[in-house]
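What follows is one structure encoded as structure tokens, with my remarks underneath.
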Amino acid sequence: MTNESSVSTISPLMATYGRFPVTLVKGKGSYVWDDKGKQYLDFTSGIATCNLGHVPDPVKEKLEEQLQNLWHCSNLYHIPNQQALAELLVKNTFGDQVFFCNSGAEANEAAIKLARKYAQKIKNKDSYQVITFKQSFHGRTLATMSATGQEKIQQGFLPLVSGFHYLTYNDPAALEQLKELNPAAVLFELVQGEGGVIPADLEWVKQLEEICKENDILLMIDEIQTGMGRTGTLFAYEQYGIEPDVISVAKGLGSGFPIGAIIAKEQVAKAFDPGSHGSTFGGNPLATAAGLATLNYLLTSGLLEQAKETAAVLDETLAELKNEFNVIKDIRGLGLLKGIVVDGIAPAIVQKALAENLLILTAGPDVVRILPPLTASLEEINEFTGKLKKAFQSI
Ligand SMILES: *Cc1c(COP(=O)(O)O)cnc(C)c1O
């Protein structure tokens with residue numbers, strides 16, 4: 001007997017995403033192809049994830065090699081790729097020790113747990129609060145959603161996890177409040193990505209760092225979107241000339257293979273001991289093969305330098321576009337994380353671009369977000385400009 005109720009037109013997927021009517025089946029470099037063979041220029045990079053372009057050969061080769069040997073074994077054993085990736089991350093950052101997980105939200109969860117443990121166990125400080133900022137985005141789990149300073153993301157999921165307090169981003173007055181609140185940590189993005197591609201002011205960040213150092217508040221930076229070369233340096237904090245205590249990393253770390261991490265100074269990291277925190281898949285042989293190949297390539301190929309030059313060309317192009325179209329109010333961002341401010345019409349521009357076979361994103365209704373792969377060529381930037389111009393002309 002057949003079960004008629006199983007014959008249904010309801011999608012088997014929960015409606016957590018408003019999807020574009022495009023089914024992608026293949027990618028290479030800056031391009032993706034749909035199930036009908038149509039080619040698109042992809043300037044979303046899987047939301048700042050495929051920073052080396054789609055299916056980059058060095059990562060593919062390393063993954064293929066690892067596929068032959070060992071996929072998973074648990075963190076109860078030593079994993080050579082994990083060890084090597086941690087060493088490379090430590091060598092190229094402020095940090096001393098790494099914890100691996102599988103996503104951005106999990107990385108921020110680990111950072112928040114580490115801040116609490118550090119305050120309570122190492123410092124004996126009567127403080128567990130983590131200060132974050134309005135319009136921030138830190139993830140979708142209960143704790144990271146509670147850390148996120150956007151009501152629309154929290155709606156319907158109350159009560160929030162307690163221990164978070166939001167201050168106004170780029171506001172010097174907020175720094176005075178910070179002193180009074182005397183929290184365990186501050187967690188923030190150097191360019192608010194989902195919140196509208198808003199870079200932090202250099203002076204403000206310097207003052208924030210100073211207050212943190214003076215008052216024994218951990219400086220934790222969410223580099224999930226800004227990291228892995230996206231903003232012109234391996235991590236954005238380098239450009240601000242500051243020294244964080246903890247950073248969270250994910251998106252670009254595995255070129256599309258799911259992996260996340262926090263990197264911390266030894267004196268903070270030592271708050272975790274065996275049993276403190278964990279993750280079944282965190283840093284598994286396949287994920288860290290992808291991470292290791294990605295980071296090795298970024299560090300040795302000259303791609304960081306190339307991406308800086310590409311970003312300068314993109315800046316010129318976008319400035320010209322701003323002159324040409326009155327609807328463009330501002331261009332902002334850092335490196336290859338760019339926002340075009342267009343009051344209210346960002347979704348319409350993205351739709352028009354799709355009609356030109358160009359994939360771009362929004363960051364809220366007012367901002368068109370551009371995230372080319374770091375590997376994008378100048379010809380591809382030209383192609384992008386032509387398509388984006390058409391999108392603006394047809395609005
Ligand atoms: C994407 C993002 C996250 C969440 O990462 P997931 O992998 O989706 O959990 C957190 N913080 C920032 C800044 C992000 O851009």
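In the structure tokens, each chain is lettered A, B, ... as it comes, each chain's residues begin at 1, and ligands are numbered from 1 in order of appearance.
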
Within 8 Å of ligand 1, which residues of chain A show up? Give each one with its shortest atom-to-atom distance in Å (one decimal) and the two atoms involved, counting only C-alpha atoms and all ligand atoms, rows by chain then rising residue number, as a tab-separated table.
residue	atom	partner	partner_atom_place_in_ligand_line	distance
A:Ile47	CA	ligand 1	1 (C)	7.5
A:Ala48	CA	ligand 1	15 (O)	7.9
A:Asn102	CA	ligand 1	7 (O)	7.5
A:Ser103	CA	ligand 1	7 (O)	3.9
A:Gly104	CA	ligand 1	5 (O)	3.3
A:Ala105	CA	ligand 1	9 (O)	3.6
A:Glu106	CA	ligand 1	9 (O)	6.4
A:Ala107	CA	ligand 1	9 (O)	7.9
A:Asn108	CA	ligand 1	10 (C)	7.0
A:Ser136	CA	ligand 1	13 (C)	7.5
A:Phe137	CA	ligand 1	11 (N)	5.3
A:His138	CA	ligand 1	11 (N)	3.8
A:Gly139	CA	ligand 1	4 (C)	4.0
A:Arg140	CA	ligand 1	9 (O)	6.4
A:Thr141	CA	ligand 1	9 (O)	7.8
A:Thr144	CA	ligand 1	10 (C)	7.9
A:Glu189	CA	ligand 1	13 (C)	6.1
A:Gln192	CA	ligand 1	13 (C)	6.8
A:Gly193	CA	ligand 1	15 (O)	5.8
A:Glu194	CA	ligand 1	15 (O)	6.3
A:Asp222	CA	ligand 1	13 (C)	5.6
A:Glu223	CA	ligand 1	13 (C)	6.2
A:Ile224	CA	ligand 1	12 (C)	4.8
A:Gln225	CA	ligand 1	15 (O)	4.2
A:Thr226	CA	ligand 1	13 (C)	7.3
A:Ala250	CA	ligand 1	7 (O)	6.2
A:Lys251	CA	ligand 1	7 (O)	6.1
A:Pro258	CA	ligand 1	7 (O)	7.9
A:Gly260	CA	ligand 1	7 (O)	7.4

Which neighbours of A:Gly196 fall inside 10 Å, counting only C-alpha atoms, when residues of the same chain fewer than 6 positions from it are skipped, and could you give them as a PyMOL selection string? chain A and resi 135-136+332-333+338-341+362-369

Could you pull out the strand (DSSP E) residues of stretch 245-342 of chain A from DSSP and send them as a list of chain:residue names?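 For stretch 245-342 of chain A, the strand (DSSP E) set is A:Val246, A:Ile247, A:Ser248, A:Val249, A:Gly260, A:Ala261, A:Ile262, A:Ile263, A:Ala264, A:Asp330, A:Ile331, A:Arg332, A:Gly333, A:Leu334, A:Leu337, A:Lys338, A:Gly339, A:Ile340, A:Val341.
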
How would you write, as a compact mmCIF listing (two decimals) with all heavy atoms, in the first residue's frame, the set of residues in stretch 104-149 of chain A that DSSP gives as helix (DSSP H, G or I)?
# COMPACT_ATOMS: atom_id res chain seq x y z
N GLY A 104 32.15 28.65 11.90
CA GLY A 104 32.36 29.93 12.54
C GLY A 104 31.67 30.04 13.88
O GLY A 104 32.25 30.49 14.87
N ALA A 105 30.41 29.63 13.92
CA ALA A 105 29.66 29.71 15.18
C ALA A 105 30.36 28.91 16.26
O ALA A 105 30.49 29.37 17.40
CB ALA A 105 28.24 29.20 14.98
N GLU A 106 30.84 27.73 15.90
CA GLU A 106 31.54 26.90 16.90
C GLU A 106 32.85 27.55 17.34
O GLU A 106 33.26 27.38 18.50
CB GLU A 106 31.85 25.53 16.32
CG GLU A 106 30.67 24.59 16.30
CD GLU A 106 31.04 23.33 15.55
OE1 GLU A 106 31.54 22.38 16.18
OE2 GLU A 106 30.84 23.30 14.33
N ALA A 107 33.50 28.27 16.45
CA ALA A 107 34.73 28.96 16.82
C ALA A 107 34.40 30.06 17.84
O ALA A 107 35.07 30.18 18.87
CB ALA A 107 35.41 29.55 15.58
N ASN A 108 33.34 30.83 17.57
CA ASN A 108 32.97 31.88 18.53
C ASN A 108 32.47 31.28 19.85
O ASN A 108 32.72 31.84 20.92
CB ASN A 108 31.91 32.81 17.92
CG ASN A 108 32.53 33.79 16.93
OD1 ASN A 108 33.73 34.09 17.02
ND2 ASN A 108 31.74 34.26 15.99
N GLU A 109 31.77 30.16 19.77
CA GLU A 109 31.36 29.46 21.00
C GLU A 109 32.59 29.13 21.84
O GLU A 109 32.61 29.34 23.05
CB GLU A 109 30.64 28.13 20.67
CG GLU A 109 29.23 28.27 20.20
CD GLU A 109 28.20 28.26 21.33
OE1 GLU A 109 28.56 27.96 22.50
OE2 GLU A 109 27.05 28.59 21.05
N ALA A 110 33.61 28.61 21.17
CA ALA A 110 34.84 28.24 21.88
C ALA A 110 35.50 29.48 22.48
O ALA A 110 35.99 29.44 23.62
CB ALA A 110 35.81 27.54 20.92
N ALA A 111 35.48 30.59 21.75
CA ALA A 111 36.08 31.84 22.25
C ALA A 111 35.33 32.33 23.49
O ALA A 111 35.93 32.73 24.48
CB ALA A 111 36.06 32.91 21.15
N ILE A 112 34.00 32.26 23.45
CA ILE A 112 33.18 32.72 24.58
C ILE A 112 33.41 31.81 25.79
O ILE A 112 33.59 32.29 26.92
CB ILE A 112 31.68 32.73 24.16
CG1 ILE A 112 31.43 33.80 23.10
CG2 ILE A 112 30.78 32.95 25.39
CD1 ILE A 112 30.16 33.58 22.29
N LYS A 113 33.45 30.51 25.55
CA LYS A 113 33.70 29.58 26.66
C LYS A 113 35.10 29.79 27.24
O LYS A 113 35.29 29.78 28.46
CB LYS A 113 33.54 28.12 26.20
CG LYS A 113 32.08 27.68 26.07
CD LYS A 113 31.94 26.21 25.69
CE LYS A 113 32.30 25.27 26.82
NZ LYS A 113 32.07 23.83 26.43
N LEU A 114 36.07 30.03 26.35
CA LEU A 114 37.45 30.26 26.83
C LEU A 114 37.52 31.53 27.68
O LEU A 114 38.19 31.54 28.73
CB LEU A 114 38.41 30.35 25.63
CG LEU A 114 39.89 30.52 25.98
CD1 LEU A 114 40.43 29.34 26.79
CD2 LEU A 114 40.73 30.70 24.70
N ALA A 115 36.81 32.58 27.25
CA ALA A 115 36.82 33.85 28.01
C ALA A 115 36.25 33.64 29.41
O ALA A 115 36.80 34.14 30.40
CB ALA A 115 36.00 34.91 27.26
N ARG A 116 35.16 32.89 29.50
CA ARG A 116 34.55 32.64 30.82
C ARG A 116 35.49 31.81 31.70
O ARG A 116 35.70 32.11 32.87
CB ARG A 116 33.22 31.91 30.66
CG ARG A 116 32.11 32.79 30.13
CD ARG A 116 30.79 32.06 30.21
NE ARG A 116 29.67 32.88 29.76
CZ ARG A 116 28.41 32.53 29.87
NH1 ARG A 116 28.09 31.35 30.40
NH2 ARG A 116 27.44 33.33 29.45
N LYS A 117 36.05 30.76 31.10
CA LYS A 117 36.93 29.87 31.87
C LYS A 117 38.18 30.62 32.33
O LYS A 117 38.64 30.43 33.45
CB LYS A 117 37.33 28.69 30.96
CG LYS A 117 37.98 27.53 31.68
CD LYS A 117 36.96 26.54 32.18
CE LYS A 117 37.60 25.25 32.64
NZ LYS A 117 36.61 24.38 33.29
N TYR A 118 38.69 31.46 31.45
CA TYR A 118 39.90 32.23 31.78
C TYR A 118 39.60 33.18 32.95
O TYR A 118 40.37 33.25 33.92
CB TYR A 118 40.35 33.03 30.56
CG TYR A 118 41.53 33.93 30.81
CD1 TYR A 118 42.81 33.40 30.98
CD2 TYR A 118 41.37 35.31 30.88
CE1 TYR A 118 43.90 34.23 31.22
CE2 TYR A 118 42.46 36.15 31.12
CZ TYR A 118 43.71 35.60 31.29
OH TYR A 118 44.78 36.43 31.52
N ALA A 119 38.47 33.87 32.88
CA ALA A 119 38.11 34.81 33.95
C ALA A 119 37.91 34.05 35.27
O ALA A 119 38.40 34.46 36.32
CB ALA A 119 36.85 35.58 33.57
N GLN A 120 37.20 32.94 35.20
CA GLN A 120 36.82 32.25 36.43
C GLN A 120 37.94 31.40 37.02
O GLN A 120 38.11 31.33 38.23
CB GLN A 120 35.57 31.38 36.18
CG GLN A 120 34.32 32.24 35.98
CD GLN A 120 33.14 31.47 35.41
OE1 GLN A 120 32.97 30.29 35.70
NE2 GLN A 120 32.34 32.13 34.59
N LYS A 121 38.71 30.74 36.13
CA LYS A 121 39.70 29.79 36.63
C LYS A 121 41.08 30.44 36.82
O LYS A 121 41.75 30.20 37.82
CB LYS A 121 39.82 28.63 35.64
CG LYS A 121 40.64 27.47 36.16
CD LYS A 121 40.73 26.36 35.12
CE LYS A 121 42.16 25.89 34.99
NZ LYS A 121 42.36 24.95 33.89
N ILE A 122 41.50 31.24 35.85
CA ILE A 122 42.86 31.78 35.91
C ILE A 122 42.90 33.11 36.67
O ILE A 122 43.78 33.36 37.46
CB ILE A 122 43.43 31.99 34.48
CG1 ILE A 122 43.26 30.73 33.63
CG2 ILE A 122 44.89 32.46 34.53
CD1 ILE A 122 44.22 29.61 33.88
N LEU A 142 22.79 29.20 19.98
CA LEU A 142 22.15 30.03 21.01
C LEU A 142 23.11 31.07 21.57
O LEU A 142 22.75 32.24 21.71
CB LEU A 142 21.60 29.16 22.14
CG LEU A 142 20.16 28.66 21.93
CD1 LEU A 142 19.76 27.69 23.03
CD2 LEU A 142 19.18 29.83 21.90
N ALA A 143 24.33 30.66 21.90
CA ALA A 143 25.27 31.62 22.49
C ALA A 143 25.72 32.66 21.47
O ALA A 143 25.77 33.85 21.78
CB ALA A 143 26.48 30.91 23.10
N THR A 144 26.05 32.23 20.25
CA THR A 144 26.57 33.20 19.27
C THR A 144 25.47 34.11 18.73
O THR A 144 25.72 35.27 18.42
CB THR A 144 27.31 32.50 18.11
OG1 THR A 144 26.41 31.60 17.46
CG2 THR A 144 28.51 31.74 18.60
N MET A 145 24.24 33.60 18.69
CA MET A 145 23.09 34.44 18.35
C MET A 145 22.87 35.48 19.45
O MET A 145 22.53 36.63 19.18
CB MET A 145 21.86 33.56 18.19
CG MET A 145 20.56 34.28 17.99
SD MET A 145 19.17 33.16 18.19
CE MET A 145 19.01 33.16 19.98
N SER A 146 23.10 35.07 20.69
CA SER A 146 22.96 36.01 21.82
C SER A 146 24.08 37.04 21.79
O SER A 146 23.89 38.18 22.22
CB SER A 146 23.00 35.25 23.15
OG SER A 146 21.99 34.26 23.17
N ALA A 147 25.24 36.65 21.26
CA ALA A 147 26.37 37.58 21.13
C ALA A 147 26.12 38.57 19.99
O ALA A 147 26.68 39.66 19.96
CB ALA A 147 27.66 36.81 20.88

From the options A:Ala264, A:Ile211, A:Val313, A:Ala287, which residue's atoms come nearest to A:Pro183, counting only C-alpha atoms?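 Smallest separation from A:Pro183 among the options: A:Ile211.
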
What's the 10 Å shell around stretch 27-31 of chain A, counting only C-alpha atoms, without same-chain residues fewer than 3 positions away, as a list in words?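 Near stretch 27-31 of chain A, the qualifying residues are Leu24, Asp34, Gln39, Tyr40, Leu41, Asp42, Phe43, Thr44, Ser45, Cys50, Asn51, Leu52, Gly53, His54, Val55, Pro56, Asp57, Leu358, Leu359, Pro372, Pro373, Leu374, Thr375, Ala376, Ser377 and Glu380 of chain A.
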
Would you pick out the contacts of A:Lys322 at 10 Å or less, using only C-alpha atoms, so that residues sharing its chain but fewer than 5 positions from it are not included, and give the list as a PyMOL selection string? chain A and resi 316-317+327-331+340-341

Given the choices A:Arg19, A:Lys36, A:Lys387, A:Lys62, which gets closest to A:Ala293 if the distance is worked out from only C-alpha atoms?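 Of A:Arg19, A:Lys36, A:Lys387, A:Lys62, the one nearest A:Ala293, counting only C-alpha atoms, is A:Lys62.
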
Counting only C-alpha atoms, figure out which residue out of A:Lys123, A:Arg230, A:Lys265, A:Lys213 gets nearest to A:Thr49.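 Looking at the shortest contact to A:Thr49, the residue is A:Arg230.
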
Shell around A:Thr168 at 12 Å using only C-alpha atoms, local window under 6 positions removed, as a list in words: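 Once the adjacent positions are removed, what remains is Ile131, Thr132, Phe133, Lys134, Gln135, Ser136, Gly149, Gln150, Ala174, Leu175, Glu176, Gln177, Leu178, Phe188, Ala200 and Trp204 of chain A.
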
Would you mind exporting the chosen residues as a compact mmCIF listing (two decimals), in the first residue's frame, restricted to all heavy atoms?
# COMPACT_ATOMS: atom_id res chain seq x y z
N ILE A 131 31.39 41.60 25.92
CA ILE A 131 30.84 42.78 25.24
C ILE A 131 30.95 42.57 23.73
O ILE A 131 32.02 42.21 23.21
CB ILE A 131 31.63 44.06 25.62
CG1 ILE A 131 31.61 44.27 27.14
CG2 ILE A 131 31.10 45.27 24.86
CD1 ILE A 131 30.24 44.45 27.75
N THR A 132 29.84 42.79 23.04
CA THR A 132 29.85 42.76 21.57
C THR A 132 29.21 44.08 21.09
O THR A 132 28.94 44.95 21.91
CB THR A 132 29.08 41.54 21.02
OG1 THR A 132 27.72 41.61 21.47
CG2 THR A 132 29.72 40.23 21.49
N PHE A 133 28.96 44.18 19.78
CA PHE A 133 28.51 45.48 19.26
C PHE A 133 27.24 45.36 18.43
O PHE A 133 26.94 44.30 17.87
CB PHE A 133 29.64 46.13 18.45
CG PHE A 133 30.78 46.53 19.35
CD1 PHE A 133 31.81 45.65 19.61
CD2 PHE A 133 30.77 47.76 19.99
CE1 PHE A 133 32.83 45.98 20.49
CE2 PHE A 133 31.78 48.11 20.87
CZ PHE A 133 32.82 47.22 21.12
N LYS A 134 26.51 46.47 18.38
CA LYS A 134 25.29 46.51 17.58
C LYS A 134 25.64 46.28 16.11
O LYS A 134 26.69 46.71 15.65
CB LYS A 134 24.59 47.87 17.77
CG LYS A 134 23.94 47.95 19.16
CD LYS A 134 23.48 49.34 19.49
CE LYS A 134 23.12 49.37 20.99
NZ LYS A 134 23.03 50.73 21.52
N GLN A 135 24.75 45.59 15.43
CA GLN A 135 24.92 45.23 14.00
C GLN A 135 26.01 44.18 13.76
O GLN A 135 26.38 43.92 12.62
CB GLN A 135 25.25 46.46 13.15
CG GLN A 135 24.04 47.29 12.83
CD GLN A 135 24.44 48.59 12.19
OE1 GLN A 135 24.92 49.51 12.86
NE2 GLN A 135 24.25 48.68 10.88
N SER A 136 26.52 43.60 14.85
CA SER A 136 27.53 42.55 14.65
C SER A 136 26.86 41.26 14.19
O SER A 136 25.63 41.13 14.24
CB SER A 136 28.25 42.29 15.97
OG SER A 136 27.33 41.87 16.97
N GLY A 149 24.59 41.36 17.81
CA GLY A 149 23.83 42.56 18.16
C GLY A 149 22.76 42.93 17.15
O GLY A 149 22.72 44.06 16.70
N GLN A 150 21.92 41.95 16.76
CA GLN A 150 20.85 42.23 15.81
C GLN A 150 19.57 41.52 16.27
O GLN A 150 19.52 40.29 16.28
CB GLN A 150 21.21 41.69 14.42
CG GLN A 150 22.40 42.34 13.77
CD GLN A 150 22.55 41.90 12.31
OE1 GLN A 150 21.64 42.03 11.52
NE2 GLN A 150 23.71 41.36 12.00
N ALA A 174 31.17 54.65 23.74
CA ALA A 174 30.98 53.25 24.14
C ALA A 174 32.19 52.75 24.92
O ALA A 174 32.07 51.89 25.80
CB ALA A 174 30.75 52.37 22.91
N LEU A 175 33.34 53.33 24.63
CA LEU A 175 34.57 52.88 25.28
C LEU A 175 34.57 53.25 26.76
O LEU A 175 35.13 52.54 27.60
CB LEU A 175 35.79 53.46 24.57
CG LEU A 175 35.89 53.08 23.08
CD1 LEU A 175 37.12 53.72 22.46
CD2 LEU A 175 35.91 51.57 22.89
N GLU A 176 33.93 54.37 27.09
CA GLU A 176 33.79 54.76 28.50
C GLU A 176 32.95 53.74 29.24
O GLU A 176 33.27 53.32 30.35
CB GLU A 176 33.15 56.15 28.60
CG GLU A 176 34.06 57.27 28.13
CD GLU A 176 35.41 57.28 28.84
OE1 GLU A 176 35.42 57.12 30.08
OE2 GLU A 176 36.45 57.41 28.16
N GLN A 177 31.87 53.32 28.60
CA GLN A 177 30.99 52.30 29.20
C GLN A 177 31.73 51.01 29.44
O GLN A 177 31.50 50.31 30.42
CB GLN A 177 29.81 52.03 28.27
CG GLN A 177 28.62 52.93 28.49
CD GLN A 177 27.54 52.60 27.48
OE1 GLN A 177 27.61 53.05 26.34
NE2 GLN A 177 26.58 51.79 27.88
N LEU A 178 32.63 50.71 28.51
CA LEU A 178 33.39 49.46 28.59
C LEU A 178 34.18 49.40 29.90
O LEU A 178 34.20 48.37 30.58
CB LEU A 178 34.34 49.38 27.38
CG LEU A 178 35.19 48.13 27.23
CD1 LEU A 178 34.30 46.90 27.07
CD2 LEU A 178 36.11 48.26 26.02
N PHE A 188 34.63 41.29 18.71
CA PHE A 188 34.13 42.15 17.63
C PHE A 188 34.79 41.86 16.29
O PHE A 188 35.85 41.24 16.22
CB PHE A 188 34.28 43.63 18.01
CG PHE A 188 35.70 44.14 18.00
CD1 PHE A 188 36.14 45.01 17.02
CD2 PHE A 188 36.59 43.74 18.98
CE1 PHE A 188 37.46 45.49 17.02
CE2 PHE A 188 37.90 44.20 18.99
CZ PHE A 188 38.33 45.09 18.00
N ALA A 200 35.89 49.08 11.04
CA ALA A 200 36.12 49.78 12.31
C ALA A 200 37.11 50.91 12.07
O ALA A 200 38.05 50.78 11.30
CB ALA A 200 36.67 48.80 13.33
N TRP A 204 39.62 54.31 16.97
CA TRP A 204 38.67 53.69 17.90
C TRP A 204 39.16 52.32 18.34
O TRP A 204 39.12 51.97 19.51
CB TRP A 204 37.30 53.61 17.21
CG TRP A 204 36.21 53.06 18.07
CD1 TRP A 204 35.55 53.72 19.06
CD2 TRP A 204 35.64 51.75 18.00
NE1 TRP A 204 34.61 52.89 19.62
CE2 TRP A 204 34.65 51.68 18.98
CE3 TRP A 204 35.87 50.62 17.20
CZ2 TRP A 204 33.88 50.54 19.20
CZ3 TRP A 204 35.11 49.48 17.40
CH2 TRP A 204 34.14 49.44 18.40

Write out as number ranges by chain which residues come within 12 Å of A:Lys91 when counting only C-alpha atoms, dropping same-chain ones fewer than 5 positions away. A: 84-86, 96-98, 263, 295-296, 299

When you look at A:Leu304 with a cut-off of 7 Å (counting only C-alpha atoms), what residues show up, excluding the ones that are within fewer than 3 positions of it in the same chain? I need them as a short mmCIF file (atom, residue, chain, number, x, y, z; two decimals) with all heavy atoms, in the first residue's frame.
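And here is the file that came out, out_7.cif:
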data_model
loop_
_atom_site.label_atom_id
_atom_site.label_comp_id
_atom_site.auth_asym_id
_atom_site.auth_seq_id
_atom_site.Cartn_x
_atom_site.Cartn_y
_atom_site.Cartn_z
N GLY A 229 43.20 36.29 4.27
CA GLY A 229 43.56 37.12 3.14
C GLY A 229 42.47 38.00 2.58
O GLY A 229 42.71 38.83 1.70
N GLY A 232 43.27 41.78 2.72
CA GLY A 232 44.56 42.27 2.21
C GLY A 232 45.77 41.77 2.99
O GLY A 232 46.89 41.81 2.50
N THR A 233 45.55 41.34 4.23
CA THR A 233 46.59 40.68 5.01
C THR A 233 46.02 39.33 5.45
O THR A 233 44.80 39.12 5.34
CB THR A 233 46.97 41.50 6.26
OG1 THR A 233 45.77 42.01 6.85
CG2 THR A 233 47.88 42.67 5.90
N LEU A 298 48.30 30.21 0.48
CA LEU A 298 48.18 31.65 0.75
C LEU A 298 49.53 32.25 1.12
O LEU A 298 49.87 33.37 0.72
CB LEU A 298 47.22 31.88 1.91
CG LEU A 298 45.80 32.35 1.60
CD1 LEU A 298 45.05 32.61 2.89
CD2 LEU A 298 45.80 33.60 0.73
N ALA A 307 46.27 39.95 -4.36
CA ALA A 307 44.91 40.33 -3.97
C ALA A 307 44.85 41.80 -3.56
O ALA A 307 43.83 42.47 -3.77
CB ALA A 307 44.42 39.43 -2.84
N LYS A 308 45.94 42.31 -2.99
CA LYS A 308 45.99 43.73 -2.62
C LYS A 308 45.91 44.59 -3.86
O LYS A 308 45.20 45.60 -3.90
CB LYS A 308 47.31 44.02 -1.90
CG LYS A 308 47.16 44.23 -0.42
CD LYS A 308 48.46 44.76 0.17
CE LYS A 308 48.78 44.01 1.45
NZ LYS A 308 50.12 44.29 1.96
#
